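Student: Following this message is one structure expressed as structure tokens.
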Amino acid sequence: ARGPLLPPGPAMAWRAAPRVAARLLLPPPPRRGIAACIDPSTGLTEEQKEFQKVAFDFAAKEMAPHMAEWDEKEIFPVETMRKAAQLGFGGIYVKPDVGGSGLSRLDTSIIFEALSTGCTSTTAYMSIHNMCVWMIDTFGNEEQRHKFCPSLCSMEKFASYCLTEPGSGSDAASLLTSAERRGDTYILNGSKAFISGGGDTDVYVVMCRTGGPGPKGISCLVLEKGTPGLSFGKKEKKVGWNSQPTRAVIFEDCTVPVGNRLGAEGQGFNIAMKGLNGGRINIASCSLGAAHACVLLAQEHLTVRKQFGEPLANNQYLQFRLAEMATRLVAARLLVRHAAGALQEGREDAAVLCSMAKLFATDECFGICNQALQMHGGYGYLKDYAVQQFVRDIRVHQILEGTNEVMRMMVARNLLQA
């Protein structure tokens with residue numbers, strides 16, 4: 001049995017936007033013979049196609065029409081995300097007994113790719129939230145699971161992942177935030193940087209140092225908003241990802257019950273890395289959705305825009321570039337789905353495949369979105385056109401969840417140590 005997953009019966013995929021609104025909303029879904037070569041449902045089971053249709057429909061109706069406003073006004077769309085949670089998207093790969101949907105990593109990738117076509121920034125936050133809930137579900141004891149997960153799966157409450165610090169980004173094992181044990185509590189001091197949802201969310205999954213230097217001295221604590229000594233920095237002004245707030249999270253003599261520790265002392269770094277393996281698949285999937293949307297936006301623009309007396313679509317150079325974009329999109333999608341399957345199966349090469357998928361998909365998909373903007377010419381640089389927002393929102397995917405430089409290091413290390 002699964003949790004409150006999806007309504008029965010097929011749902012519409014993307015709804016065609018009127019021509020006059022095509023610059024703001026997404027174009028019609030790919031139809032066989034038009035864009036079948038990039039059809040994201042190819043190779044999926046019937047059940048997966050249903051998940052995908054529901055996610056595409058939600059993206060088109062509940063997210064895409066508001067994407068520009070959320071970006072411009074920096075709105076954290078809480079109620080929209082709660083609607084998504086009613087479809088089972090608040091705890092997609094969390095066990096059903098605590099309100100999760102119990103789906104696979106591949107199912108999750110398919111859903112995040114579809115949702116990201118409606119608003120990449122919002123979907124990316126939802127992917128981080130899902131990662132946090134999975135960490136509590138997987139590494140928490142029964143009391144912790146039933147205390148935190150149900151309200152997170154319903155998105156009555158929201159979660160943030162706290163690993164990065166002002167002085168430790170790629171070198172996460174050097175983090176300095178400390179938790180000193182005193183009886184049945186930890187006294188937490190330090191700060192975290194670049195925390196998605198920080199200040200607006202309710203639950204914070206925090207990596208902190210309970211032992212000596214290095215990864216073996218790190219533990220994982222769960223804090224709730226309102227804990228004395230927990231405070232937040234200013235809301236950061238960002239290039240993209242503006243529908244989710246980003247702040248520093250600050251701990252000053254925070255008293256945290258030992259009962260809020262996930263796993264054993266010293267297990268925190270392992271928990272963090274296992275969470276990030278899935279997080280890399282999630283963020284790569286969000287990149288796929290943005291790139292898919294941009295390929296279709298470019299296809300639409302080339303068809304309707306005329307220069308030198310004929311549609312841009314007749315220009316062979318632009319035809320070739322569109323073909324390259326489509327090919328790179330499909331290649332990235334295949335690698336991401338392959339890595340998702342490996343992670344679900346617990347294969348030995350899963351971690352490095354997740355790194356490869358994150359590296360390749362986020363690099364290639366940014367290139368696709370950027371090329372789509374170029375094809376729009378000056379119009380692509382106007383905020384009336386959705387393509388520029390996809391470019392801004394997707395750029396940070398090459399940095400977070402492990403920079404792409406670190407992903408290259410991990411792949412190379414795997415090859416050289418084989």
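Starting from 1 in every chain, residues are counted up; chains themselves are A, B, ... following the order of the structure tokens, and ligands are numbered from 1 as listed.
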Please return as a PDB file with N, CA and C atoms, in the first residue's frame: the residues of stretch 256-319 of chain A that backbone DSSP assigns to helix (DSSP H, G or I).
Tutor:
ATOM      1  N   VAL A 258      19.300  14.647  22.801  1.00  0.00           N
ATOM      2  CA  VAL A 258      20.036  13.537  22.189  1.00  0.00           C
ATOM      3  C   VAL A 258      19.092  12.684  21.348  1.00  0.00           C
ATOM      4  N   GLY A 259      17.820  12.652  21.744  1.00  0.00           N
ATOM      5  CA  GLY A 259      16.812  11.898  20.998  1.00  0.00           C
ATOM      6  C   GLY A 259      16.558  12.443  19.603  1.00  0.00           C
ATOM      7  N   ASN A 260      17.104  13.605  19.265  1.00  0.00           N
ATOM      8  CA  ASN A 260      16.958  14.180  17.925  1.00  0.00           C
ATOM      9  C   ASN A 260      18.155  13.857  17.028  1.00  0.00           C
ATOM     10  N   GLY A 268      27.191  10.868  10.959  1.00  0.00           N
ATOM     11  CA  GLY A 268      26.583  11.987  10.248  1.00  0.00           C
ATOM     12  C   GLY A 268      27.101  12.193   8.841  1.00  0.00           C
ATOM     13  N   PHE A 269      28.418  12.066   8.659  1.00  0.00           N
ATOM     14  CA  PHE A 269      28.970  12.310   7.320  1.00  0.00           C
ATOM     15  C   PHE A 269      28.474  11.254   6.339  1.00  0.00           C
ATOM     16  N   ASN A 270      28.397  10.022   6.794  1.00  0.00           N
ATOM     17  CA  ASN A 270      27.869   8.951   5.947  1.00  0.00           C
ATOM     18  C   ASN A 270      26.414   9.217   5.577  1.00  0.00           C
ATOM     19  N   ILE A 271      25.620   9.688   6.539  1.00  0.00           N
ATOM     20  CA  ILE A 271      24.217  10.033   6.287  1.00  0.00           C
ATOM     21  C   ILE A 271      24.144  11.166   5.266  1.00  0.00           C
ATOM     22  N   ALA A 272      24.988  12.176   5.456  1.00  0.00           N
ATOM     23  CA  ALA A 272      24.987  13.332   4.546  1.00  0.00           C
ATOM     24  C   ALA A 272      25.311  12.908   3.120  1.00  0.00           C
ATOM     25  N   MET A 273      26.309  12.053   2.954  1.00  0.00           N
ATOM     26  CA  MET A 273      26.725  11.639   1.612  1.00  0.00           C
ATOM     27  C   MET A 273      25.676  10.748   0.955  1.00  0.00           C
ATOM     28  N   LYS A 274      25.048   9.860   1.724  1.00  0.00           N
ATOM     29  CA  LYS A 274      23.997   9.025   1.151  1.00  0.00           C
ATOM     30  C   LYS A 274      22.801   9.874   0.729  1.00  0.00           C
ATOM     31  N   GLY A 275      22.510  10.917   1.507  1.00  0.00           N
ATOM     32  CA  GLY A 275      21.454  11.838   1.101  1.00  0.00           C
ATOM     33  C   GLY A 275      21.807  12.557  -0.185  1.00  0.00           C
ATOM     34  N   LEU A 276      23.084  12.956  -0.296  1.00  0.00           N
ATOM     35  CA  LEU A 276      23.512  13.705  -1.478  1.00  0.00           C
ATOM     36  C   LEU A 276      23.531  12.848  -2.743  1.00  0.00           C
ATOM     37  N   ASN A 277      23.765  11.539  -2.619  1.00  0.00           N
ATOM     38  CA  ASN A 277      23.687  10.690  -3.815  1.00  0.00           C
ATOM     39  C   ASN A 277      22.327  10.840  -4.479  1.00  0.00           C
ATOM     40  N   GLY A 278      21.282  10.762  -3.667  1.00  0.00           N
ATOM     41  CA  GLY A 278      19.941  10.968  -4.204  1.00  0.00           C
ATOM     42  C   GLY A 278      19.693  12.410  -4.595  1.00  0.00           C
ATOM     43  N   GLY A 279      20.265  13.339  -3.811  1.00  0.00           N
ATOM     44  CA  GLY A 279      20.097  14.749  -4.128  1.00  0.00           C
ATOM     45  C   GLY A 279      20.686  15.105  -5.480  1.00  0.00           C
ATOM     46  N   ARG A 280      21.777  14.436  -5.845  1.00  0.00           N
ATOM     47  CA  ARG A 280      22.396  14.697  -7.146  1.00  0.00           C
ATOM     48  C   ARG A 280      21.506  14.214  -8.284  1.00  0.00           C
ATOM     49  N   ILE A 281      20.865  13.080  -8.092  1.00  0.00           N
ATOM     50  CA  ILE A 281      19.901  12.611  -9.089  1.00  0.00           C
ATOM     51  C   ILE A 281      18.728  13.585  -9.177  1.00  0.00           C
ATOM     52  N   ASN A 282      18.271  14.042  -8.015  1.00  0.00           N
ATOM     53  CA  ASN A 282      17.128  14.960  -7.988  1.00  0.00           C
ATOM     54  C   ASN A 282      17.426  16.253  -8.727  1.00  0.00           C
ATOM     55  N   ILE A 283      18.579  16.841  -8.451  1.00  0.00           N
ATOM     56  CA  ILE A 283      18.882  18.142  -9.061  1.00  0.00           C
ATOM     57  C   ILE A 283      19.188  17.969 -10.543  1.00  0.00           C
ATOM     58  N   ALA A 284      19.778  16.836 -10.923  1.00  0.00           N
ATOM     59  CA  ALA A 284      19.976  16.546 -12.337  1.00  0.00           C
ATOM     60  C   ALA A 284      18.636  16.418 -13.043  1.00  0.00           C
ATOM     61  N   SER A 285      17.668  15.830 -12.361  1.00  0.00           N
ATOM     62  CA  SER A 285      16.324  15.676 -12.936  1.00  0.00           C
ATOM     63  C   SER A 285      15.648  17.029 -13.125  1.00  0.00           C
ATOM     64  N   CYS A 286      15.852  17.937 -12.174  1.00  0.00           N
ATOM     65  CA  CYS A 286      15.322  19.300 -12.332  1.00  0.00           C
ATOM     66  C   CYS A 286      15.964  19.983 -13.542  1.00  0.00           C
ATOM     67  N   SER A 287      17.243  19.724 -13.768  1.00  0.00           N
ATOM     68  CA  SER A 287      17.913  20.279 -14.941  1.00  0.00           C
ATOM     69  C   SER A 287      17.307  19.725 -16.223  1.00  0.00           C
ATOM     70  N   LEU A 288      16.985  18.445 -16.228  1.00  0.00           N
ATOM     71  CA  LEU A 288      16.349  17.839 -17.402  1.00  0.00           C
ATOM     72  C   LEU A 288      15.028  18.534 -17.730  1.00  0.00           C
ATOM     73  N   GLY A 289      14.234  18.821 -16.710  1.00  0.00           N
ATOM     74  CA  GLY A 289      12.945  19.469 -16.948  1.00  0.00           C
ATOM     75  C   GLY A 289      13.100  20.853 -17.538  1.00  0.00           C
ATOM     76  N   ALA A 290      14.058  21.618 -17.004  1.00  0.00           N
ATOM     77  CA  ALA A 290      14.309  22.958 -17.539  1.00  0.00           C
ATOM     78  C   ALA A 290      14.769  22.879 -18.991  1.00  0.00           C
ATOM     79  N   ALA A 291      15.665  21.938 -19.283  1.00  0.00           N
ATOM     80  CA  ALA A 291      16.181  21.803 -20.645  1.00  0.00           C
ATOM     81  C   ALA A 291      15.096  21.340 -21.598  1.00  0.00           C
ATOM     82  N   HIS A 292      14.251  20.420 -21.152  1.00  0.00           N
ATOM     83  CA  HIS A 292      13.149  19.952 -21.998  1.00  0.00           C
ATOM     84  C   HIS A 292      12.222  21.117 -22.352  1.00  0.00           C
ATOM     85  N   ALA A 293      11.887  21.915 -21.337  1.00  0.00           N
ATOM     86  CA  ALA A 293      11.030  23.072 -21.586  1.00  0.00           C
ATOM     87  C   ALA A 293      11.688  24.033 -22.571  1.00  0.00           C
ATOM     88  N   CYS A 294      12.990  24.233 -22.440  1.00  0.00           N
ATOM     89  CA  CYS A 294      13.680  25.193 -23.312  1.00  0.00           C
ATOM     90  C   CYS A 294      13.801  24.688 -24.740  1.00  0.00           C
ATOM     91  N   VAL A 295      13.957  23.387 -24.932  1.00  0.00           N
ATOM     92  CA  VAL A 295      13.964  22.843 -26.291  1.00  0.00           C
ATOM     93  C   VAL A 295      12.630  23.132 -26.969  1.00  0.00           C
ATOM     94  N   LEU A 296      11.529  22.939 -26.237  1.00  0.00           N
ATOM     95  CA  LEU A 296      10.214  23.184 -26.822  1.00  0.00           C
ATOM     96  C   LEU A 296       9.955  24.677 -27.033  1.00  0.00           C
ATOM     97  N   LEU A 297      10.461  25.509 -26.112  1.00  0.00           N
ATOM     98  CA  LEU A 297      10.331  26.950 -26.310  1.00  0.00           C
ATOM     99  C   LEU A 297      11.119  27.394 -27.541  1.00  0.00           C
ATOM    100  N   ALA A 298      12.305  26.821 -27.731  1.00  0.00           N
ATOM    101  CA  ALA A 298      13.107  27.154 -28.914  1.00  0.00           C
ATOM    102  C   ALA A 298      12.418  26.665 -30.187  1.00  0.00           C
ATOM    103  N   GLN A 299      11.887  25.463 -30.130  1.00  0.00           N
ATOM    104  CA  GLN A 299      11.152  24.914 -31.274  1.00  0.00           C
ATOM    105  C   GLN A 299       9.995  25.830 -31.660  1.00  0.00           C
ATOM    106  N   GLU A 300       9.263  26.294 -30.658  1.00  0.00           N
ATOM    107  CA  GLU A 300       8.136  27.183 -30.897  1.00  0.00           C
ATOM    108  C   GLU A 300       8.603  28.508 -31.505  1.00  0.00           C
ATOM    109  N   HIS A 301       9.673  29.074 -30.934  1.00  0.00           N
ATOM    110  CA  HIS A 301      10.148  30.376 -31.401  1.00  0.00           C
ATOM    111  C   HIS A 301      10.669  30.293 -32.839  1.00  0.00           C
ATOM    112  N   LEU A 302      11.401  29.256 -33.152  1.00  0.00           N
ATOM    113  CA  LEU A 302      11.926  29.116 -34.510  1.00  0.00           C
ATOM    114  C   LEU A 302      10.808  28.990 -35.533  1.00  0.00           C
ATOM    115  N   THR A 303       9.702  28.445 -35.096  1.00  0.00           N
ATOM    116  CA  THR A 303       8.568  28.252 -36.002  1.00  0.00           C
ATOM    117  C   THR A 303       7.827  29.559 -36.279  1.00  0.00           C
ATOM    118  N   VAL A 304       7.678  30.393 -35.252  1.00  0.00           N
ATOM    119  CA  VAL A 304       6.844  31.591 -35.402  1.00  0.00           C
ATOM    120  C   VAL A 304       7.636  32.858 -35.748  1.00  0.00           C
ATOM    121  N   LEU A 312      12.620  31.341 -38.890  1.00  0.00           N
ATOM    122  CA  LEU A 312      13.939  30.911 -38.456  1.00  0.00           C
ATOM    123  C   LEU A 312      14.110  29.405 -38.588  1.00  0.00           C
ATOM    124  N   ALA A 313      13.012  28.675 -38.532  1.00  0.00           N
ATOM    125  CA  ALA A 313      13.068  27.222 -38.627  1.00  0.00           C
ATOM    126  C   ALA A 313      13.616  26.747 -39.970  1.00  0.00           C
ATOM    127  N   ASN A 314      13.633  27.613 -40.966  1.00  0.00           N
ATOM    128  CA  ASN A 314      14.175  27.234 -42.274  1.00  0.00           C
ATOM    129  C   ASN A 314      15.691  27.380 -42.354  1.00  0.00           C
ATOM    130  N   GLN A 316      19.270  26.370 -41.749  1.00  0.00           N
ATOM    131  CA  GLN A 316      19.867  25.071 -41.467  1.00  0.00           C
ATOM    132  C   GLN A 316      20.791  25.103 -40.257  1.00  0.00           C
ATOM    133  N   TYR A 317      21.495  26.202 -40.035  1.00  0.00           N
ATOM    134  CA  TYR A 317      22.357  26.306 -38.860  1.00  0.00           C
ATOM    135  C   TYR A 317      21.532  26.140 -37.586  1.00  0.00           C
ATOM    136  N   LEU A 318      20.385  26.829 -37.514  1.00  0.00           N
ATOM    137  CA  LEU A 318      19.537  26.730 -36.328  1.00  0.00           C
ATOM    138  C   LEU A 318      18.901  25.350 -36.226  1.00  0.00           C
ATOM    139  N   GLN A 319      18.594  24.729 -37.357  1.00  0.00           N
ATOM    140  CA  GLN A 319      18.094  23.354 -37.330  1.00  0.00           C
ATOM    141  C   GLN A 319      19.120  22.427 -36.681  1.00  0.00           C
TER     142      GLN A 319
END
Student: Write out as a ChimeraX atom specification the residues lying within 12 Å of A:Cys162, counting only C-alpha atoms and excluding same-chain residues fewer than 4 positions away.
Tutor: /A:128-129,131-132,166,168-169,172,175,177,190-198,201,203-208,219-223,246-251,268-269,272,275-276,401
Student: List the spatial neighbours of A:Gly91 as a list in words - criterion: any atom at most 7 Å away, only C-alpha atoms, same-chain residues fewer than 2 positions off excluded.
Tutor: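 Contacts, in chain order: Gly88, Phe89, Tyr93, Val94, Gly100, Ser101, Asn130, Val133 and Cys153 of chain A.
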Student: Given the selection you just returned, output its residues as a file containing N, CA and C atoms, formatted as a PDB file, in the first residue's frame.
Tutor:
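Generated file (selection.pdb):
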ATOM      1  N   GLY A  88       1.146  13.372  -3.440  1.00  0.00           N
ATOM      2  CA  GLY A  88       2.186  12.450  -3.017  1.00  0.00           C
ATOM      3  C   GLY A  88       3.586  12.936  -3.272  1.00  0.00           C
ATOM      4  N   PHE A  89       3.750  14.232  -3.605  1.00  0.00           N
ATOM      5  CA  PHE A  89       5.060  14.738  -3.995  1.00  0.00           C
ATOM      6  C   PHE A  89       5.854  15.325  -2.830  1.00  0.00           C
ATOM      7  N   TYR A  93       9.926   9.260  -2.154  1.00  0.00           N
ATOM      8  CA  TYR A  93      10.610   7.992  -1.924  1.00  0.00           C
ATOM      9  C   TYR A  93      10.762   7.693  -0.428  1.00  0.00           C
ATOM     10  N   VAL A  94       9.733   8.112   0.310  1.00  0.00           N
ATOM     11  CA  VAL A  94       9.620   7.835   1.744  1.00  0.00           C
ATOM     12  C   VAL A  94       8.615   6.704   1.940  1.00  0.00           C
ATOM     13  N   GLY A 100       4.590   8.645   3.239  1.00  0.00           N
ATOM     14  CA  GLY A 100       5.295   8.753   1.971  1.00  0.00           C
ATOM     15  C   GLY A 100       4.613   7.990   0.856  1.00  0.00           C
ATOM     16  N   SER A 101       5.108   8.182  -0.356  1.00  0.00           N
ATOM     17  CA  SER A 101       4.525   7.527  -1.528  1.00  0.00           C
ATOM     18  C   SER A 101       5.197   6.199  -1.853  1.00  0.00           C
ATOM     19  N   ASN A 130      12.407  16.663  -0.063  1.00  0.00           N
ATOM     20  CA  ASN A 130      12.254  15.209  -0.157  1.00  0.00           C
ATOM     21  C   ASN A 130      13.496  14.491   0.348  1.00  0.00           C
ATOM     22  N   VAL A 133      13.436  14.489   4.178  1.00  0.00           N
ATOM     23  CA  VAL A 133      12.458  13.554   4.743  1.00  0.00           C
ATOM     24  C   VAL A 133      12.971  12.124   4.604  1.00  0.00           C
ATOM     25  N   CYS A 153       5.804  14.977   4.916  1.00  0.00           N
ATOM     26  CA  CYS A 153       5.268  14.393   3.683  1.00  0.00           C
ATOM     27  C   CYS A 153       4.044  15.161   3.191  1.00  0.00           C
TER      28      CYS A 153
END
Student: Tell me, as number ranges by chain, which residues lie within 10 Å of A:Glu72, counting only C-alpha atoms; anything in the same chain fewer than 4 positions away does not count.
Tutor: A: 67-68, 240, 242-243, 383
Student: For all heavy atoms, I'd like the residues from the last selection saved as a tab-separated table (two decimals), in the first residue's frame.
Tutor:
chain	number	residue	atom	x	y	z
A	67	MET	N	5.18	31.17	-12.34
A	67	MET	CA	6.63	31.08	-12.26
A	67	MET	C	7.30	32.45	-12.27
A	67	MET	O	8.17	32.75	-11.45
A	67	MET	CB	7.12	30.22	-13.42
A	67	MET	CG	8.60	30.07	-13.58
A	67	MET	SD	8.99	28.90	-14.92
A	67	MET	CE	9.65	30.03	-16.13
A	68	ALA	N	6.91	33.31	-13.21
A	68	ALA	CA	7.54	34.63	-13.33
A	68	ALA	C	7.26	35.50	-12.11
A	68	ALA	O	8.14	36.21	-11.62
A	68	ALA	CB	7.06	35.33	-14.60
A	240	GLY	N	19.15	33.45	-9.50
A	240	GLY	CA	17.97	32.62	-9.76
A	240	GLY	C	17.51	31.97	-8.47
A	240	GLY	O	17.90	32.38	-7.38
A	242	ASN	N	14.73	32.18	-7.05
A	242	ASN	CA	14.14	33.24	-6.22
A	242	ASN	C	12.81	32.85	-5.59
A	242	ASN	O	12.30	33.59	-4.75
A	242	ASN	CB	13.98	34.51	-7.06
A	242	ASN	CG	15.31	35.16	-7.37
A	242	ASN	OD1	16.18	35.24	-6.51
A	242	ASN	ND2	15.49	35.58	-8.62
A	243	SER	N	12.24	31.70	-5.98
A	243	SER	CA	11.00	31.28	-5.34
A	243	SER	C	11.27	30.51	-4.05
A	243	SER	O	10.34	30.04	-3.40
A	243	SER	CB	10.16	30.42	-6.29
A	243	SER	OG	10.76	29.15	-6.50
A	383	LYS	N	12.48	39.61	-19.49
A	383	LYS	CA	11.85	38.80	-18.45
A	383	LYS	C	10.41	38.42	-18.79
A	383	LYS	O	9.80	37.65	-18.08
A	383	LYS	CB	11.93	39.51	-17.10
A	383	LYS	CG	13.35	39.49	-16.52
A	383	LYS	CD	13.37	39.79	-15.04
A	383	LYS	CE	14.77	39.58	-14.46
A	383	LYS	NZ	14.81	39.85	-13.02
Student: Check the smallest atom-to-atom distance from each of A:Lys235, A:Lys358, A:Arg82, A:Arg182 to A:Ala340 using only C-alpha atoms, then report the winner.
Tutor: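 Among the listed residues, the smallest separation from A:Ala340 belongs to A:Lys358.
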Student: Taking only C-alpha atoms into account, produce a table as a Markdown table in which each residue of stretch 242-353 of chain A with an atom at most 8 Å from an atom of stretch 38-47 of chain A appears once, together with its shortest atom pair and the distance in Å to one decimal, ordered by chain and rising number.
Tutor:
| residue | atom | partner | partner_atom | distance |
| --- | --- | --- | --- | --- |
| A:His292 | CA | A:Ile38 | CA | 7.9 |
| A:Ala326 | CA | A:Ile38 | CA | 6.4 |
| A:Leu329 | CA | A:Ile38 | CA | 7.5 |
| A:Val330 | CA | A:Ile38 | CA | 6.2 |
Student: Can you measure atom CA of A:Cys119 to atom CA of A:Arg145 for me? One decimal in Å is fine.
Tutor: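 Taking atom CA of A:Cys119 as the start and atom CA of A:Arg145 as the end point, the length is 29.7 Å.
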Student: Identify, on the basis of only C-alpha atoms, every residue whose closest approach to A:Glu156 does not exceed 10 Å; exclude the query and any residue fewer than 4 positions from it along the same chain; express the result as a PDB file with C-alpha atoms, in the first residue's frame.
Tutor:
ATOM      1  CA  VAL A  78       3.854  27.269   0.248  1.00  0.00           C
ATOM      2  CA  GLU A  79       0.238  26.587  -0.698  1.00  0.00           C
ATOM      3  CA  MET A  81       3.676  22.963  -2.726  1.00  0.00           C
ATOM      4  CA  ARG A  82       1.057  21.696  -0.296  1.00  0.00           C
ATOM      5  CA  ALA A  85       2.012  17.126  -1.489  1.00  0.00           C
ATOM      6  CA  GLY A  90       6.092  15.716  -0.440  1.00  0.00           C
ATOM      7  CA  PRO A 150       4.014  12.663   8.413  1.00  0.00           C
ATOM      8  CA  SER A 151       3.879  16.477   8.657  1.00  0.00           C
ATOM      9  CA  LEU A 152       6.810  16.763   6.236  1.00  0.00           C
ATOM     10  CA  ASP A 202      10.292  24.241  10.129  1.00  0.00           C
TER      11      ASP A 202
END
Student: Based on the backbone DSSP call, show me all residues of stretch 240-290 of chain A assigned strand (DSSP E), as a list in words.
Tutor: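 The strand (DSSP E) subset of stretch 240-290 of chain A is Thr246, Arg247, Ala248, Val249, Ile250, Phe251, Glu252, Asp253, Cys254, Thr255, Val256, Pro257, Arg261 and Leu262 of chain A.
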Student: Atoms to include: C-alpha atoms. Write the selected residues as a compact mmCIF listing (two decimals), in the first residue's frame.
Tutor:
# COMPACT_ATOMS: atom_id res chain seq x y z
CA THR A 246 18.23 31.33 1.10
CA ARG A 247 19.72 32.37 4.43
CA ALA A 248 22.51 31.54 6.84
CA VAL A 249 21.36 29.35 9.76
CA ILE A 250 23.01 30.30 13.04
CA PHE A 251 23.30 28.25 16.25
CA GLU A 252 24.15 29.95 19.53
CA ASP A 253 24.04 27.56 22.50
CA CYS A 254 21.10 25.68 20.98
CA THR A 255 19.93 22.90 23.27
CA VAL A 256 19.02 19.83 21.23
CA PRO A 257 17.80 16.54 22.80
CA ARG A 261 20.18 12.60 16.67
CA LEU A 262 19.81 10.49 13.53
Student: What does the distance between atom CA of A:Gly212 and atom CA of A:Gln417 come to in Å, to one decimal place?
Tutor: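 It comes out at 27.3 Å.
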Student: To one decimal place in Å, what is the distance between atom CA of A:Ala412 and atom CA of A:Met356?
Tutor: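 Between atom CA of A:Ala412 and atom CA of A:Met356 the gap works out to 10.2 Å.
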